[in-house]
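Participant: This is final09.pdb, which holds PDB, C-alpha atoms:
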MODEL        1
ATOM      1  CA  MET A 283     -80.103  11.964 -23.065  1.00  0.00           C
ATOM      2  CA  ASN A 284     -77.332  14.098 -21.579  1.00  0.00           C
ATOM      3  CA  GLU A 285     -78.518  13.226 -18.078  1.00  0.00           C
ATOM      4  CA  ARG A 286     -78.484   9.516 -18.922  1.00  0.00           C
ATOM      5  CA  PHE A 287     -75.043   9.892 -20.493  1.00  0.00           C
ATOM      6  CA  GLU A 288     -73.612  11.643 -17.436  1.00  0.00           C
ATOM      7  CA  GLN A 289     -75.024   8.919 -15.223  1.00  0.00           C
ATOM      8  CA  LEU A 290     -73.411   6.258 -17.408  1.00  0.00           C
ATOM      9  CA  LEU A 291     -70.071   8.093 -17.314  1.00  0.00           C
ATOM     10  CA  GLU A 292     -70.204   8.141 -13.540  1.00  0.00           C
ATOM     11  CA  GLU A 293     -70.900   4.407 -13.460  1.00  0.00           C
ATOM     12  CA  MET A 294     -68.038   3.660 -15.858  1.00  0.00           C
ATOM     13  CA  ARG A 295     -65.554   5.775 -13.933  1.00  0.00           C
ATOM     14  CA  GLY A 296     -66.371   3.830 -10.790  1.00  0.00           C
ATOM     15  CA  CYS A 297     -66.201   0.411 -12.435  1.00  0.00           C
ATOM     16  CA  THR A 298     -64.339  -2.327 -10.537  1.00  0.00           C
ATOM     17  CA  LEU A 299     -65.662  -5.233 -12.600  1.00  0.00           C
ATOM     18  CA  CYS A 300     -62.235  -6.818 -13.141  1.00  0.00           C
ATOM     19  CA  ALA A 301     -60.182  -4.916 -10.549  1.00  0.00           C
ATOM     20  CA  SER A 302     -58.615  -8.074  -9.121  1.00  0.00           C
ATOM     21  CA  HIS A 303     -56.969  -8.784 -12.514  1.00  0.00           C
ATOM     22  CA  LEU A 304     -55.484  -5.311 -13.068  1.00  0.00           C
ATOM     23  CA  PRO A 305     -51.863  -4.864 -11.907  1.00  0.00           C
ATOM     24  CA  LEU A 306     -52.175  -1.060 -11.685  1.00  0.00           C
ATOM     25  CA  GLY A 307     -55.763  -1.088 -10.499  1.00  0.00           C
ATOM     26  CA  PRO A 308     -58.828   0.194 -12.346  1.00  0.00           C
ATOM     27  CA  ARG A 309     -58.693   3.495 -14.194  1.00  0.00           C
ATOM     28  CA  PRO A 310     -61.409   3.290 -16.836  1.00  0.00           C
ATOM     29  CA  LEU A 311     -60.737   5.412 -19.914  1.00  0.00           C
ATOM     30  CA  PHE A 312     -63.431   6.549 -22.319  1.00  0.00           C
ATOM     31  CA  LEU A 313     -63.725   9.710 -24.392  1.00  0.00           C
ATOM     32  CA  GLY A 314     -66.805  11.021 -26.128  1.00  0.00           C
ATOM     33  CA  ARG A 315     -70.076  12.906 -25.918  1.00  0.00           C
ATOM     34  CA  PRO A 316     -73.505  12.153 -27.433  1.00  0.00           C
ATOM     35  CA  SER A 317     -72.753  14.577 -30.288  1.00  0.00           C
ATOM     36  CA  ALA A 318     -69.670  12.607 -31.453  1.00  0.00           C
ATOM     37  CA  ARG A 319     -69.668  11.590 -35.116  1.00  0.00           C
ATOM     38  CA  LEU A 320     -66.524   9.437 -35.258  1.00  0.00           C
ATOM     39  CA  LEU A 321     -66.254   6.325 -33.041  1.00  0.00           C
ATOM     40  CA  ILE A 322     -62.907   4.592 -32.563  1.00  0.00           C
ATOM     41  CA  ILE A 323     -63.174   1.151 -30.979  1.00  0.00           C
ATOM     42  CA  SER A 324     -59.674   0.258 -29.895  1.00  0.00           C
ATOM     43  CA  GLN A 325     -58.022  -2.443 -27.773  1.00  0.00           C
ATOM     44  CA  ALA A 326     -57.093  -1.377 -24.238  1.00  0.00           C
ATOM     45  CA  PRO A 327     -55.099   1.536 -22.814  1.00  0.00           C
ATOM     46  CA  GLY A 328     -51.336   1.180 -22.638  1.00  0.00           C
ATOM     47  CA  VAL A 329     -49.358   2.053 -19.554  1.00  0.00           C
ATOM     48  CA  ARG A 330     -48.800   5.669 -20.652  1.00  0.00           C
ATOM     49  CA  ALA A 331     -52.496   6.142 -21.332  1.00  0.00           C
ATOM     50  CA  HIS A 332     -53.180   4.748 -17.862  1.00  0.00           C
ATOM     51  CA  GLU A 333     -50.648   7.087 -16.244  1.00  0.00           C
ATOM     52  CA  THR A 334     -51.918  10.189 -18.055  1.00  0.00           C
ATOM     53  CA  ALA A 335     -55.614   9.186 -18.113  1.00  0.00           C
ATOM     54  CA  LEU A 336     -55.694   9.935 -21.858  1.00  0.00           C
ATOM     55  CA  SER A 337     -56.268   7.350 -24.571  1.00  0.00           C
ATOM     56  CA  PHE A 338     -53.676   7.088 -27.354  1.00  0.00           C
ATOM     57  CA  ASN A 339     -51.348   9.520 -25.610  1.00  0.00           C
ATOM     58  CA  ASP A 340     -48.286   7.785 -27.042  1.00  0.00           C
ATOM     59  CA  ARG A 341     -46.577   6.893 -30.324  1.00  0.00           C
ATOM     60  CA  SER A 342     -49.432   4.624 -31.348  1.00  0.00           C
ATOM     61  CA  GLY A 343     -51.709   7.641 -31.013  1.00  0.00           C
ATOM     62  CA  ASP A 344     -49.366   9.685 -33.201  1.00  0.00           C
ATOM     63  CA  ARG A 345     -49.535   6.994 -35.864  1.00  0.00           C
ATOM     64  CA  LEU A 346     -53.314   6.682 -35.615  1.00  0.00           C
ATOM     65  CA  ARG A 347     -53.793  10.444 -35.948  1.00  0.00           C
ATOM     66  CA  ALA A 348     -51.511  10.419 -38.994  1.00  0.00           C
ATOM     67  CA  TRP A 349     -53.607   7.633 -40.515  1.00  0.00           C
ATOM     68  CA  LEU A 350     -56.788   9.609 -39.907  1.00  0.00           C
ATOM     69  CA  GLY A 351     -55.314  12.893 -41.111  1.00  0.00           C
ATOM     70  CA  ILE A 352     -56.283  14.855 -38.000  1.00  0.00           C
ATOM     71  CA  GLY A 353     -54.311  16.578 -35.236  1.00  0.00           C
ATOM     72  CA  ARG A 354     -54.396  16.159 -31.469  1.00  0.00           C
ATOM     73  CA  GLU A 355     -56.869  18.980 -30.877  1.00  0.00           C
ATOM     74  CA  GLU A 356     -59.442  17.525 -33.244  1.00  0.00           C
ATOM     75  CA  PHE A 357     -58.729  13.955 -32.109  1.00  0.00           C
ATOM     76  CA  TYR A 358     -59.426  14.807 -28.459  1.00  0.00           C
ATOM     77  CA  ASP A 359     -62.508  16.911 -29.169  1.00  0.00           C
ATOM     78  CA  GLU A 360     -65.050  14.715 -27.380  1.00  0.00           C
ATOM     79  CA  SER A 361     -67.947  16.511 -29.012  1.00  0.00           C
ATOM     80  CA  ARG A 362     -66.780  15.059 -32.333  1.00  0.00           C
ATOM     81  CA  VAL A 363     -64.684  11.946 -31.579  1.00  0.00           C
ATOM     82  CA  ALA A 364     -65.470   9.082 -29.197  1.00  0.00           C
ATOM     83  CA  ILE A 365     -62.851   6.503 -28.179  1.00  0.00           C
ATOM     84  CA  LEU A 366     -64.283   3.275 -26.800  1.00  0.00           C
ATOM     85  CA  PRO A 367     -61.655   0.652 -25.844  1.00  0.00           C
ATOM     86  CA  MET A 368     -62.461  -3.047 -25.804  1.00  0.00           C
ATOM     87  CA  GLY A 369     -61.117  -2.937 -22.259  1.00  0.00           C
ATOM     88  CA  PHE A 370     -61.335   0.358 -20.388  1.00  0.00           C
ATOM     89  CA  CYS A 371     -58.326  -0.287 -18.133  1.00  0.00           C
ATOM     90  CA  TYR A 372     -54.655  -1.157 -18.614  1.00  0.00           C
ATOM     91  CA  PRO A 373     -54.513  -4.989 -18.492  1.00  0.00           C
ATOM     92  CA  GLY A 374     -50.819  -5.454 -17.669  1.00  0.00           C
ATOM     93  CA  ARG A 375     -48.011  -7.163 -19.586  1.00  0.00           C
ATOM     94  CA  ASP A 376     -47.405 -10.707 -20.745  1.00  0.00           C
ATOM     95  CA  GLU A 377     -44.183 -12.703 -20.374  1.00  0.00           C
ATOM     96  CA  LYS A 378     -42.797 -11.315 -23.649  1.00  0.00           C
ATOM     97  CA  GLY A 379     -43.239  -7.700 -22.554  1.00  0.00           C
ATOM     98  CA  GLY A 380     -46.291  -6.927 -24.669  1.00  0.00           C
ATOM     99  CA  ASP A 381     -49.622  -5.780 -23.314  1.00  0.00           C
ATOM    100  CA  LEU A 382     -52.117  -8.438 -22.308  1.00  0.00           C
ATOM    101  CA  PRO A 383     -55.436  -8.680 -24.174  1.00  0.00           C
ATOM    102  CA  PRO A 384     -58.296  -6.437 -23.059  1.00  0.00           C
ATOM    103  CA  ARG A 385     -60.216  -7.918 -20.152  1.00  0.00           C
ATOM    104  CA  PRO A 386     -63.133  -9.948 -21.590  1.00  0.00           C
ATOM    105  CA  GLU A 387     -65.662  -8.659 -19.039  1.00  0.00           C
ATOM    106  CA  CYS A 388     -65.562  -5.072 -20.256  1.00  0.00           C
ATOM    107  CA  ALA A 389     -67.002  -4.872 -23.767  1.00  0.00           C
ATOM    108  CA  PRO A 390     -70.106  -7.066 -23.230  1.00  0.00           C
ATOM    109  CA  HIS A 391     -70.934  -5.155 -20.067  1.00  0.00           C
ATOM    110  CA  TRP A 392     -70.393  -1.581 -21.230  1.00  0.00           C
ATOM    111  CA  HIS A 393     -70.328  -1.280 -25.030  1.00  0.00           C
ATOM    112  CA  PRO A 394     -74.058  -1.736 -25.757  1.00  0.00           C
ATOM    113  CA  ARG A 395     -74.952   0.882 -23.150  1.00  0.00           C
ATOM    114  CA  VAL A 396     -72.383   3.385 -24.424  1.00  0.00           C
ATOM    115  CA  ARG A 397     -73.195   2.951 -28.102  1.00  0.00           C
ATOM    116  CA  ALA A 398     -76.908   3.356 -27.422  1.00  0.00           C
ATOM    117  CA  LEU A 399     -76.152   6.875 -26.184  1.00  0.00           C
ATOM    118  CA  LEU A 400     -74.021   7.845 -29.203  1.00  0.00           C
ATOM    119  CA  PRO A 401     -76.778   8.422 -31.778  1.00  0.00           C
ATOM    120  CA  ASN A 402     -74.809  10.645 -34.162  1.00  0.00           C
ATOM    121  CA  ILE A 403     -71.964   8.318 -35.143  1.00  0.00           C
ATOM    122  CA  ALA A 404     -71.363   8.526 -38.892  1.00  0.00           C
ATOM    123  CA  LEU A 405     -68.217   6.380 -39.052  1.00  0.00           C
ATOM    124  CA  THR A 406     -66.945   3.591 -36.793  1.00  0.00           C
ATOM    125  CA  LEU A 407     -63.319   2.469 -36.857  1.00  0.00           C
ATOM    126  CA  LEU A 408     -62.344  -0.960 -35.524  1.00  0.00           C
ATOM    127  CA  ALA A 409     -58.657  -0.635 -34.631  1.00  0.00           C
ATOM    128  CA  GLY A 410     -56.828  -3.891 -33.973  1.00  0.00           C
ATOM    129  CA  GLY A 411     -57.614  -7.575 -33.981  1.00  0.00           C
ATOM    130  CA  TYR A 412     -59.568  -7.656 -30.718  1.00  0.00           C
ATOM    131  CA  ALA A 413     -62.027  -5.010 -31.895  1.00  0.00           C
ATOM    132  CA  VAL A 414     -62.314  -6.511 -35.387  1.00  0.00           C
ATOM    133  CA  ARG A 415     -63.019 -10.043 -34.176  1.00  0.00           C
ATOM    134  CA  TYR A 416     -65.475  -8.925 -31.495  1.00  0.00           C
ATOM    135  CA  TYR A 417     -67.586  -6.809 -33.825  1.00  0.00           C
ATOM    136  CA  ARG A 418     -67.041  -8.962 -36.914  1.00  0.00           C
ATOM    137  CA  PRO A 419     -67.228 -12.481 -35.443  1.00  0.00           C
ATOM    138  CA  GLN A 420     -67.567 -13.961 -38.914  1.00  0.00           C
ATOM    139  CA  GLU A 421     -63.909 -12.966 -39.445  1.00  0.00           C
ATOM    140  CA  LYS A 422     -62.538 -14.980 -36.499  1.00  0.00           C
ATOM    141  CA  THR A 423     -61.361 -17.891 -38.637  1.00  0.00           C
ATOM    142  CA  ARG A 424     -59.703 -15.684 -41.255  1.00  0.00           C
ATOM    143  CA  PRO A 425     -56.210 -14.209 -40.762  1.00  0.00           C
ATOM    144  CA  LEU A 426     -56.473 -10.555 -39.800  1.00  0.00           C
ATOM    145  CA  SER A 427     -54.348  -9.463 -42.760  1.00  0.00           C
ATOM    146  CA  LEU A 428     -56.859 -10.996 -45.184  1.00  0.00           C
ATOM    147  CA  THR A 429     -59.744  -9.343 -43.354  1.00  0.00           C
ATOM    148  CA  LEU A 430     -58.055  -5.947 -43.516  1.00  0.00           C
ATOM    149  CA  ALA A 431     -57.202  -6.429 -47.198  1.00  0.00           C
ATOM    150  CA  ARG A 432     -60.943  -6.677 -47.926  1.00  0.00           C
ATOM    151  CA  TRP A 433     -61.564  -3.171 -46.576  1.00  0.00           C
ATOM    152  CA  ARG A 434     -63.580  -2.166 -49.643  1.00  0.00           C
ATOM    153  CA  GLU A 435     -66.252  -4.752 -48.796  1.00  0.00           C
ATOM    154  CA  HIS A 436     -67.314  -3.122 -45.544  1.00  0.00           C
ATOM    155  CA  ALA A 437     -70.112  -0.621 -45.250  1.00  0.00           C
ATOM    156  CA  PRO A 438     -69.240   3.045 -45.831  1.00  0.00           C
ATOM    157  CA  ASP A 439     -69.849   3.736 -42.145  1.00  0.00           C
ATOM    158  CA  LEU A 440     -67.338   1.070 -41.000  1.00  0.00           C
ATOM    159  CA  PHE A 441     -63.571   0.870 -41.490  1.00  0.00           C
ATOM    160  CA  LEU A 442     -61.226  -1.857 -40.192  1.00  0.00           C
ATOM    161  CA  LEU A 443     -57.659  -0.995 -39.194  1.00  0.00           C
ATOM    162  CA  PRO A 444     -54.598  -2.737 -37.809  1.00  0.00           C
ATOM    163  CA  HIS A 445     -53.623  -1.572 -34.358  1.00  0.00           C
ATOM    164  CA  PRO A 446     -51.301   1.445 -34.746  1.00  0.00           C
ATOM    165  CA  SER A 447     -48.658   0.156 -32.308  1.00  0.00           C
ATOM    166  CA  TRP A 448     -44.947  -0.214 -33.088  1.00  0.00           C
ATOM    167  CA  ARG A 449     -45.603  -3.909 -33.721  1.00  0.00           C
ATOM    168  CA  THR A 450     -47.506  -2.909 -36.873  1.00  0.00           C
ATOM    169  CA  THR A 451     -44.413  -1.417 -38.560  1.00  0.00           C
ATOM    170  CA  GLN A 452     -43.369  -4.690 -40.198  1.00  0.00           C
ATOM    171  CA  TRP A 453     -46.948  -5.415 -41.241  1.00  0.00           C
ATOM    172  CA  LEU A 454     -47.098  -2.037 -42.988  1.00  0.00           C
ATOM    173  CA  ALA A 455     -43.892  -2.837 -44.865  1.00  0.00           C
ATOM    174  CA  ARG A 456     -45.352  -6.174 -46.035  1.00  0.00           C
ATOM    175  CA  ASN A 457     -48.677  -4.620 -46.992  1.00  0.00           C
ATOM    176  CA  PRO A 458     -47.968  -1.391 -48.917  1.00  0.00           C
ATOM    177  CA  TRP A 459     -51.551  -1.353 -50.219  1.00  0.00           C
ATOM    178  CA  PHE A 460     -52.702  -0.114 -46.825  1.00  0.00           C
ATOM    179  CA  GLU A 461     -50.909   3.233 -47.018  1.00  0.00           C
ATOM    180  CA  ARG A 462     -51.244   3.521 -50.797  1.00  0.00           C
ATOM    181  CA  GLU A 463     -54.918   2.600 -51.217  1.00  0.00           C
ATOM    182  CA  ALA A 464     -56.757   2.335 -47.901  1.00  0.00           C
ATOM    183  CA  LEU A 465     -55.464   5.415 -46.088  1.00  0.00           C
ATOM    184  CA  PRO A 466     -56.606   7.994 -48.668  1.00  0.00           C
ATOM    185  CA  GLU A 467     -60.125   6.527 -48.525  1.00  0.00           C
ATOM    186  CA  LEU A 468     -60.011   6.391 -44.717  1.00  0.00           C
ATOM    187  CA  ARG A 469     -59.041  10.068 -44.498  1.00  0.00           C
ATOM    188  CA  ALA A 470     -61.804  11.032 -46.905  1.00  0.00           C
ATOM    189  CA  ARG A 471     -64.394   9.140 -44.847  1.00  0.00           C
ATOM    190  CA  VAL A 472     -63.124  10.667 -41.595  1.00  0.00           C
ATOM    191  CA  ARG A 473     -63.340  14.142 -43.083  1.00  0.00           C
ATOM    192  CA  ARG A 474     -66.892  13.554 -44.295  1.00  0.00           C
ATOM    193  CA  ALA A 475     -67.921  12.176 -40.902  1.00  0.00           C
ATOM    194  CA  LEU A 476     -66.460  15.064 -38.945  1.00  0.00           C
ATOM    195  CA  ASN A 477     -67.580  17.766 -41.363  1.00  0.00           C
ATOM    196  CA  PRO A 478     -71.005  16.826 -42.703  1.00  0.00           C
ATOM    197  CA  LYS A 479     -72.489  19.002 -45.387  1.00  0.00           C
ATOM    198  CA  PRO A 480     -75.338  21.177 -44.060  1.00  0.00           C
ATOM    199  CA  ARG A 481     -78.755  20.218 -45.313  1.00  0.00           C
ATOM    200  CA  SER A 482     -80.153  22.493 -47.979  1.00  0.00           C
ATOM    201  CA  ALA A 483     -82.972  24.736 -46.831  1.00  0.00           C
ATOM    202  CA  PRO A 484     -86.311  23.995 -48.486  1.00  0.00           C
ATOM    203  CA  CYS A 485     -87.189  26.206 -51.409  1.00  0.00           C
ATOM    204  CA  PRO A 486     -89.324  29.126 -50.117  1.00  0.00           C
ATOM    205  CA  CYS A 487     -91.290  29.213 -53.345  1.00  0.00           C
ATOM    206  CA  ARG A 488     -93.112  25.978 -52.581  1.00  0.00           C
TER     207      ARG A 488
ENDMDL
END
Just dump the structure as structure tokens.
Facilitator:
Amino acid sequence: MNERFEQLLEEMRGCTLCASHLPLGPRPLFLGRPSARLLIISQAPGVRAHETALSFNDRSGDRLRAWLGIGREEFYDESRVAILPMGFCYPGRDEKGGDLPPRPECAPHWHPRVRALLPNIALTLLAGGYAVRYYRPQEKTRPLSLTLARWREHAPDLFLLPHPSWRTTQWLARNPWFEREALPELRARVRRALNPKPRSAPCPCR
């Protein structure tokens, strides 16, 4: 599997699938190894992530790490955490100064191949509306806030999050349940995923 994974990484790093639409050119970002146990499916890299070639290397990353209850060293440990954006490259800005949506070509082309080579994932986080609606298409007609408020209804190996950007600050103020109720459960699930209990050895007397 490692050989197949390395081959896939090489293909992804050389991807030019939507190069003509990218104002800063392609610079695909993905973090993770086959041993990873936590998968974060996010939106698309911001300009700082593009410049530094490191996902969530900004204030949104600080907020996300605070939500998860882990530090930078653990967050960027690819043997334990995989970060799979909906779009691997920085998409540019819209007329209002916000980032454009992830390029639509990316996830259908790459995600199935990447996820097939991540067999040890114990918990998947969908961070932001683009990830939520792609992987939970039944939620497309429901406002994202209502979808997120139903976090208890999702499987124990799946957790839905708002995007941790500065734009989420007002949403957090309007939805105090997220920090009061959802975050403690999220941190507990992250800890269990990253630190699984060792299996008990069989009784030698049998």
Participant: Assuming the chain letters and numbering stay as they are in my file, what does the PyMOL selection byres ((chain A and resi 467-479) around 7) actually select? List them as a PyMOL selection string.
Facilitator: chain A and resi 319-320+350-351+362+404-405+464-466+480-481
Participant: Record the distance separating CA of Phe287 (chain A) and CA of Leu399 (chain A), expressed in Å with one decimal.
Facilitator: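 About the pair CA of Phe287 (chain A) and CA of Leu399 (chain A): they are 6.5 Å apart.
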Participant: Could you tell me how far CA of Pro373 (chain A) sits from CA of Pro308 (chain A), in Å to one decimal place?
Facilitator: 9.1 Å
Participant: Could you write out as a PyMOL selection string the residues that the PyMOL selection byres ((chain A and resi 447) around 10) matches in the shown file?
Facilitator: chain A and resi 338+340-346+410+444-446+448-451
Participant: Carefully work through the PyMOL selection byres ((chain A and resi 317) around 9) for this structure and note down the residues it includes, as a list in words.
Facilitator: Gly314, Arg315, Pro316, Ala318, Arg319, Glu360, Ser361, Arg362, Val363, Leu400, Pro401, Asn402 and Ile403 of chain A
Participant: Which is closest to Leu299 (chain A) among A:Tyr358, A:Phe312, A:Tyr417, A:Trp392, if we use only C-alpha atoms?
Facilitator: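 Of all the options, A:Trp392 lies closest to Leu299 (chain A).
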Participant: Do you have the CA of Leu430 (chain A)-CA of Val414 (chain A) distance handy?
Facilitator: 9.2 Å
Participant: With 10 Å as the threshold, what does the neighbourhood of (-64.4, 5.0, -17.9) contain in terms of residues, counting only C-alpha atoms? Coordinates are those of the file; answer as a VMD selection string.
Facilitator: chain A and resid 290 to 297 308 to 313 335 366 to 367 369 to 371 392
